[in-house]
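A.B. asks: Following this message is one structure expressed as structure tokens.
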Amino acid sequence: MASRAVVIGGGISGLASAWRLSGLGHAVTLIEAEDGLGGLATTFPWRHTHLERFYHCILPGDAPLLRIIEELGLSGDLVWRETGMGFVHGGRLRPLNTALDLLGFTPLPLADRVRMGLMGLRMRAATPDLGLDDVPVAAWIEKQAGPRALQTLWRPLLESKVGDRYRDLPALWLASRLAREKNTKQEVKGCLRRGYRSLIGAFEAGLRRRGVEIRTGTRVEAIERRGEAMAVRFPGGSEAFDFAVATLPLVQFQQVTRGLDLDPSIASLPLDYQGVVCGVFLTRKPLSRWYWVPVVDSGATCQGIVEMSNLLPPERTQGLHLAYLVNYTHRTSEFFRRSDEDLLAAYRRDLATLFPKAADTVVEQYLFRAPFVEPLWPLGYTRLRPPTTILPGRLYLACTAQVYPNVNAWSSCCEVVESMMPALAAETAAPQPAAAVAGTR
């Protein structure tokens, strides 16, 4: 008889967990609080199709995610493009991709530009040193590239991700990001031709064919023990399962497991998250030719611009240009609580100032926000990172709190799930694997 497993959370970690568990032969129930699956990859209806609420890309080295894409039958939908990075400093847009671009970056003295280039070469040539987990990122950058490079370029970039908490970040976090982004001579990014909605749809169809029960719009209030079983409590009652896999952000996992008396190293681990505010604009004219453009010292509200039309096939947006203006900010901040109208007006002013030709051609605009996006890693986090096995044979955790020191991305989440499976399979006495289920188109 198959073990009854519950997976809590319908983002990529939950979908990948349900996929792997159902492939092992377990009877799986997948529970998601929102009305649809996908987590941060959820979409919004646009004309006769859908567009992503938040920007996403795939890198050639994202092996765990690419494996699942292949299993779901979507490898043929992958689109790869050479992309690049611009940089707005003092209101001026510059390229920042090659050694010549860096040498021409006049906001820094020549000697600091050379040091920056050497820092980049070292990051491309070596695997990140795990000893950097105990080194503050600001001190490491200053040693590598100098104090002016830190203040002029790196500090604003770090603040755009984590605010004034950047000084507490471990240097290993940045070194891992640089290694992931710059592990090829030419920057290449990928996407799915029909968007992430096609991946979510393929997941859902494949899971249903494997007999997985999917419940959306269902909020979990608590995870509890019931004898040798695990019980999930909902607003209207509870249900018992043989074991549970939680994929919630750590702060939410800690809330729903308060009654389990877990080890304090897990129950009280002080890991917080940055949220994100994202303005989505469709224009008739492009902003620039770059995928990613940080905005620094330019009087703008947004801290960065992702122009997805430099990656997406043009038919996805019916020939329009799609750009995301973003701010990473804490969910309790005044900025996060500002009205959609206020934020969209501020972003429109940014476009008018920085890209006036495109700003005059805005066709549609939208505003989205998410509270738990980027973990705020403390120093020494490799020693604090929670295990995937919480209660052997009964309770497991696969979430963004465990991707470190890898970059917080969909592929990293899939890797956490894969790393969890050997112990889970042994501890839950899983039945024989089910036959692979082909993906749909």
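Residues in the structure tokens are named by chain (A, B, ... in the order shown) and by number from 1 within that chain; ligands are numbered from 1 in the order shown.
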Near A:Trp173, counting only C-alpha atoms, which residues have an atom at most 9 Å away, once you skip same-chain residues fewer than 3 positions from it, shown as a ChimeraX atom specification?
C.D. replies: /A:132-133,137,169-170,176-178,377,404-407
A.B. asks: Emit the selected residues as an mmCIF file, in the first residue's frame, including C-alpha atoms.
C.D. replies:
data_model
loop_
_atom_site.group_PDB
_atom_site.id
_atom_site.type_symbol
_atom_site.label_atom_id
_atom_site.label_comp_id
_atom_site.auth_asym_id
_atom_site.auth_seq_id
_atom_site.Cartn_x
_atom_site.Cartn_y
_atom_site.Cartn_z
ATOM 1 C CA LEU A 132 33.920 33.428 2.421
ATOM 2 C CA ASP A 133 30.849 32.396 4.417
ATOM 3 C CA VAL A 137 30.672 41.088 1.712
ATOM 4 C CA LEU A 169 25.768 39.449 4.041
ATOM 5 C CA PRO A 170 28.483 36.792 3.666
ATOM 6 C CA SER A 176 28.229 32.334 -5.855
ATOM 7 C CA ARG A 177 26.118 34.819 -7.814
ATOM 8 C CA LEU A 178 29.088 35.971 -9.858
ATOM 9 C CA TRP A 377 21.655 35.413 4.793
ATOM 10 C CA TYR A 404 22.583 28.710 0.169
ATOM 11 C CA PRO A 405 25.347 29.105 -0.923
ATOM 12 C CA ASN A 406 23.744 28.648 -4.335
ATOM 13 C CA VAL A 407 21.802 31.537 -5.801
#
A.B. asks: Would you pick out the contacts of A:Gln144 at 8 Å or less, using only C-alpha atoms, so that residues sharing its chain but fewer than 2 positions from it are not included, and give the list as an MDAnalysis selection string?
C.D. replies: chainID A and resid 115:116 119 140:142 146
A.B. asks: Using only C-alpha atoms, determine which residues lie at most 6 Å from stretch 306-320 of chain A, disregarding the query and same-chain residues fewer than 2 positions distant; provide the list as a list in words.
C.D. replies: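 Once the adjacent positions are removed, what remains is Thr283, Arg284, Tyr291, Trp292, Leu322, Ala323 and Tyr324 of chain A.
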A.B. asks: Emit the selected residues as an mmCIF file, in the first residue's frame, including C-alpha atoms.
C.D. replies:
data_model
loop_
_atom_site.group_PDB
_atom_site.id
_atom_site.type_symbol
_atom_site.label_atom_id
_atom_site.label_comp_id
_atom_site.auth_asym_id
_atom_site.auth_seq_id
_atom_site.Cartn_x
_atom_site.Cartn_y
_atom_site.Cartn_z
ATOM 1 C CA THR A 283 5.642 49.746 -24.581
ATOM 2 C CA ARG A 284 5.724 50.121 -28.358
ATOM 3 C CA TYR A 291 18.340 42.394 -20.258
ATOM 4 C CA TRP A 292 19.363 43.735 -16.833
ATOM 5 C CA LEU A 322 8.023 44.101 -21.846
ATOM 6 C CA ALA A 323 9.988 45.664 -18.974
ATOM 7 C CA TYR A 324 9.962 45.116 -15.207
#
A.B. asks: Show which residues sit within 7 Å of A:Thr257, as a PDB file with C-alpha atoms, in the first residue's frame. Count only C-alpha atoms, and ignore same-chain residues fewer than 2 positions away.
C.D. replies:
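Output file part13.pdb is given in full below:
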ATOM      1  CA  ALA A 222      -0.552  24.031  11.488  1.00  0.00           C
ATOM      2  CA  ILE A 223       1.429  20.831  11.022  1.00  0.00           C
ATOM      3  CA  GLU A 224       0.918  18.507  13.988  1.00  0.00           C
ATOM      4  CA  PHE A 253       7.295  26.946   8.344  1.00  0.00           C
ATOM      5  CA  GLN A 254       8.318  28.034  11.837  1.00  0.00           C
ATOM      6  CA  GLN A 255       4.839  29.453  12.435  1.00  0.00           C
ATOM      7  CA  GLY A 259       3.391  22.991  18.383  1.00  0.00           C
ATOM      8  CA  LEU A 260       5.953  20.359  17.353  1.00  0.00           C
TER       9      LEU A 260
END
A.B. asks: Please return, as a PyMOL selection string, all residues of stretch 13-214 of chain A that DSSP assigns to helix (DSSP H, G or I) on the basis of the backbone.
C.D. replies: chain A and resi 13-23+39-41+63-71+75-77+99-103+110-125+130-134+137-145+147-168+171-181+196-209
A.B. asks: For A:Leu78, which residue out of A:Arg383, A:Lys189, A:Arg337, A:Arg219 is the nearest one, using only C-alpha atoms?
C.D. replies: A:Lys189
A.B. asks: Let's see if you can do this: from backbone DSSP, list all strand (DSSP E or B) residues in stretch 283-399 of chain A, as a ChimeraX atom specification.
C.D. replies: /A:283,292-296,304-307,321-329,362-375,389-391,395-397
A.B. asks: Give me a file of those residues, with N, CA and C atoms, as a short mmCIF file (atom, residue, chain, number, x, y, z; two decimals), in the first residue's frame.
C.D. replies:
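Saved result, out-v5.cif, follows:
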data_model
loop_
_atom_site.label_atom_id
_atom_site.label_comp_id
_atom_site.auth_asym_id
_atom_site.auth_seq_id
_atom_site.Cartn_x
_atom_site.Cartn_y
_atom_site.Cartn_z
N THR A 283 5.44 48.54 -23.78
CA THR A 283 5.64 49.75 -24.58
C THR A 283 5.76 49.37 -26.06
N TRP A 292 19.35 43.29 -18.23
CA TRP A 292 19.36 43.73 -16.83
C TRP A 292 20.08 45.07 -16.75
N VAL A 293 19.41 46.06 -16.15
CA VAL A 293 19.98 47.41 -16.02
C VAL A 293 19.79 47.90 -14.59
N PRO A 294 20.81 47.80 -13.74
CA PRO A 294 20.73 48.46 -12.43
C PRO A 294 20.68 49.97 -12.61
N VAL A 295 19.99 50.63 -11.69
CA VAL A 295 19.85 52.10 -11.75
C VAL A 295 20.43 52.67 -10.46
N VAL A 296 21.50 53.46 -10.58
CA VAL A 296 22.27 53.94 -9.43
C VAL A 296 22.45 55.45 -9.51
N GLY A 304 16.29 48.83 -10.36
CA GLY A 304 16.75 48.04 -11.49
C GLY A 304 15.64 47.83 -12.49
N ILE A 305 16.04 47.54 -13.72
CA ILE A 305 15.09 47.31 -14.82
C ILE A 305 15.48 46.03 -15.53
N VAL A 306 14.52 45.14 -15.69
CA VAL A 306 14.71 43.91 -16.46
C VAL A 306 13.86 44.03 -17.71
N GLU A 307 14.50 44.09 -18.86
CA GLU A 307 13.77 44.20 -20.11
C GLU A 307 13.64 42.81 -20.72
N HIS A 321 7.08 45.62 -26.20
CA HIS A 321 8.29 45.45 -25.40
C HIS A 321 7.89 45.39 -23.92
N LEU A 322 8.42 44.38 -23.23
CA LEU A 322 8.02 44.10 -21.85
C LEU A 322 9.19 44.41 -20.91
N ALA A 323 8.95 45.29 -19.93
CA ALA A 323 9.99 45.66 -18.97
C ALA A 323 9.43 45.61 -17.56
N TYR A 324 10.30 45.19 -16.62
CA TYR A 324 9.96 45.12 -15.21
C TYR A 324 10.84 46.12 -14.47
N LEU A 325 10.21 47.05 -13.74
CA LEU A 325 10.92 47.99 -12.88
C LEU A 325 10.76 47.49 -11.45
N VAL A 326 11.89 47.25 -10.75
CA VAL A 326 11.82 46.50 -9.51
C VAL A 326 12.49 47.22 -8.34
N ASN A 327 11.97 46.93 -7.16
CA ASN A 327 12.57 47.32 -5.88
C ASN A 327 12.45 46.14 -4.93
N TYR A 328 13.57 45.73 -4.35
CA TYR A 328 13.55 44.73 -3.29
C TYR A 328 13.46 45.47 -1.96
N THR A 329 12.45 45.13 -1.17
CA THR A 329 12.20 45.85 0.07
C THR A 329 11.50 44.93 1.05
N VAL A 362 4.04 53.90 -23.65
CA VAL A 362 3.49 52.90 -22.72
C VAL A 362 2.06 52.55 -23.14
N VAL A 363 1.81 51.26 -23.30
CA VAL A 363 0.49 50.78 -23.70
C VAL A 363 -0.30 50.30 -22.49
N GLU A 364 0.37 49.53 -21.62
CA GLU A 364 -0.29 48.98 -20.43
C GLU A 364 0.71 48.92 -19.29
N GLN A 365 0.19 48.94 -18.06
CA GLN A 365 1.05 48.88 -16.88
C GLN A 365 0.33 48.13 -15.76
N TYR A 366 1.14 47.41 -14.95
CA TYR A 366 0.61 46.60 -13.86
C TYR A 366 1.57 46.69 -12.68
N LEU A 367 1.07 46.39 -11.49
CA LEU A 367 1.92 46.41 -10.30
C LEU A 367 1.67 45.13 -9.49
N PHE A 368 2.76 44.45 -9.15
CA PHE A 368 2.69 43.24 -8.34
C PHE A 368 3.72 43.31 -7.23
N ARG A 369 3.46 42.57 -6.16
CA ARG A 369 4.40 42.52 -5.04
C ARG A 369 4.34 41.13 -4.40
N ALA A 370 5.46 40.74 -3.79
CA ALA A 370 5.54 39.45 -3.09
C ALA A 370 6.35 39.66 -1.82
N PRO A 371 5.93 39.08 -0.68
CA PRO A 371 6.58 39.38 0.61
C PRO A 371 7.83 38.56 0.92
N PHE A 372 7.96 37.35 0.36
CA PHE A 372 9.07 36.47 0.72
C PHE A 372 9.81 36.06 -0.55
N VAL A 373 10.90 36.76 -0.84
CA VAL A 373 11.60 36.52 -2.10
C VAL A 373 13.07 36.18 -1.88
N GLU A 374 13.82 37.10 -1.30
CA GLU A 374 15.27 36.94 -1.18
C GLU A 374 15.66 36.76 0.28
N PRO A 375 16.16 35.58 0.67
CA PRO A 375 16.59 35.41 2.06
C PRO A 375 17.72 36.37 2.42
N THR A 389 15.73 16.83 6.35
CA THR A 389 15.02 15.90 7.24
C THR A 389 14.82 16.57 8.59
N ILE A 390 13.58 16.85 8.93
CA ILE A 390 13.25 17.50 10.22
C ILE A 390 12.89 16.45 11.26
N LEU A 391 11.96 15.57 10.93
CA LEU A 391 11.61 14.41 11.76
C LEU A 391 11.69 13.19 10.86
N LEU A 395 8.56 14.26 8.75
CA LEU A 395 8.48 15.66 8.34
C LEU A 395 9.77 16.08 7.65
N TYR A 396 9.61 16.71 6.47
CA TYR A 396 10.73 17.15 5.66
C TYR A 396 10.52 18.61 5.25
N LEU A 397 11.63 19.27 4.97
CA LEU A 397 11.59 20.68 4.59
C LEU A 397 12.43 20.88 3.33
#
A.B. asks: Can you list, as a ChimeraX atom specification, every protein, DNA or RNA residue that comes within 7 Å of A:Ser298 when you count only C-alpha atoms, leaving out same-chain residues fewer than 4 positions away?
C.D. replies: /A:89-91
A.B. asks: List the neighbours of A:Met420 out to 10 Å using only C-alpha atoms; skip same-chain residues closer than 4 positions along the sequence, and give me the result as an mmCIF file with N, CA and C atoms, in the first residue's frame.
C.D. replies:
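The resulting part_28.cif:
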data_model
loop_
_atom_site.group_PDB
_atom_site.id
_atom_site.type_symbol
_atom_site.label_atom_id
_atom_site.label_comp_id
_atom_site.auth_asym_id
_atom_site.auth_seq_id
_atom_site.Cartn_x
_atom_site.Cartn_y
_atom_site.Cartn_z
ATOM 1 N N SER A 17 8.810 18.540 -5.518
ATOM 2 C CA SER A 17 8.662 17.512 -4.480
ATOM 3 C C SER A 17 7.537 16.536 -4.830
ATOM 4 N N PRO A 387 18.459 21.295 7.909
ATOM 5 C CA PRO A 387 18.487 20.071 7.097
ATOM 6 C C PRO A 387 17.157 19.873 6.384
ATOM 7 N N THR A 388 17.142 18.997 5.399
ATOM 8 C CA THR A 388 15.872 18.671 4.746
ATOM 9 C C THR A 388 15.064 17.678 5.583
ATOM 10 N N THR A 389 15.726 16.830 6.346
ATOM 11 C CA THR A 389 15.019 15.897 7.242
ATOM 12 C C THR A 389 14.822 16.574 8.593
ATOM 13 N N TYR A 396 9.607 16.715 6.471
ATOM 14 C CA TYR A 396 10.734 17.152 5.658
ATOM 15 C C TYR A 396 10.522 18.613 5.249
ATOM 16 N N LEU A 397 11.626 19.266 4.972
ATOM 17 C CA LEU A 397 11.593 20.680 4.589
ATOM 18 C C LEU A 397 12.425 20.875 3.332
ATOM 19 N N ALA A 398 11.847 21.506 2.321
ATOM 20 C CA ALA A 398 12.566 21.854 1.091
ATOM 21 C C ALA A 398 12.133 23.260 0.703
ATOM 22 N N CYS A 414 15.091 23.175 -7.055
ATOM 23 C CA CYS A 414 15.002 21.792 -7.543
ATOM 24 C C CYS A 414 16.157 20.955 -7.014
ATOM 25 N N GLU A 415 17.340 21.565 -6.882
ATOM 26 C CA GLU A 415 18.490 20.836 -6.355
ATOM 27 C C GLU A 415 18.280 20.447 -4.895
ATOM 28 N N VAL A 416 17.666 21.336 -4.101
ATOM 29 C CA VAL A 416 17.357 21.006 -2.712
ATOM 30 C C VAL A 416 16.421 19.803 -2.654
ATOM 31 N N LEU A 424 14.799 10.614 2.269
ATOM 32 C CA LEU A 424 13.339 10.481 2.393
ATOM 33 C C LEU A 424 12.886 9.107 1.911
ATOM 34 N N ALA A 425 13.406 8.663 0.771
ATOM 35 C CA ALA A 425 12.989 7.367 0.231
ATOM 36 C C ALA A 425 13.327 6.238 1.194
#
A.B. asks: Rank A:Arg233, A:Val276, A:Val212, A:Arg225 by their smallest atom-to-atom distance to A:Asp261, using only C-alpha atoms, and report the top residue only.
C.D. replies: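 Going through A:Arg233, A:Val276, A:Val212, A:Arg225 one by one, the smallest distance to A:Asp261 is for A:Arg225.
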A.B. asks: Hey, which of A:Ile8, A:Leu344, A:His26, A:Arg394 ends up closest to A:Glu427? Count only C-alpha atoms.
C.D. replies: A:Arg394
A.B. asks: Any idea what's packed within 9 Å of A:Lys357, counting only C-alpha atoms, ignoring anything in its chain fewer than 5 positions away? Could you give it as a list in words?
C.D. replies: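 Result of the neighbour search: Lys285, Pro286, Leu287, Leu351 and Ala352 of chain A.
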A.B. asks: How close does stretch 60-81 of chain A get to stretch 195-201 of chain A? List, as a tab-separated table, each residue of stretch 60-81 of chain A within 8 Å, its nearest atom pair and the distance in Å to one decimal, counting only C-alpha atoms.
C.D. replies:
residue	atom	partner	partner_atom	distance
A:Ile69	CA	A:Leu199	CA	7.4
A:Leu72	CA	A:Leu199	CA	7.9
A:Leu74	CA	A:Leu199	CA	7.5
A.B. asks: Write the residues of the preceding selection, restricted to N, CA and C atoms, as a short mmCIF file (atom, residue, chain, number, x, y, z; two decimals), in the first residue's frame.
C.D. replies:
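As written to disk, part_4.cif reads:
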data_model
loop_
_atom_site.label_atom_id
_atom_site.label_comp_id
_atom_site.auth_asym_id
_atom_site.auth_seq_id
_atom_site.Cartn_x
_atom_site.Cartn_y
_atom_site.Cartn_z
N ILE A 69 12.46 19.98 -16.75
CA ILE A 69 11.88 20.47 -18.00
C ILE A 69 11.89 19.37 -19.06
N LEU A 72 9.30 16.66 -18.32
CA LEU A 72 7.94 17.12 -18.60
C LEU A 72 7.70 17.34 -20.09
N LEU A 74 9.28 19.43 -22.25
CA LEU A 74 9.31 20.82 -22.69
C LEU A 74 10.68 21.29 -23.19
#
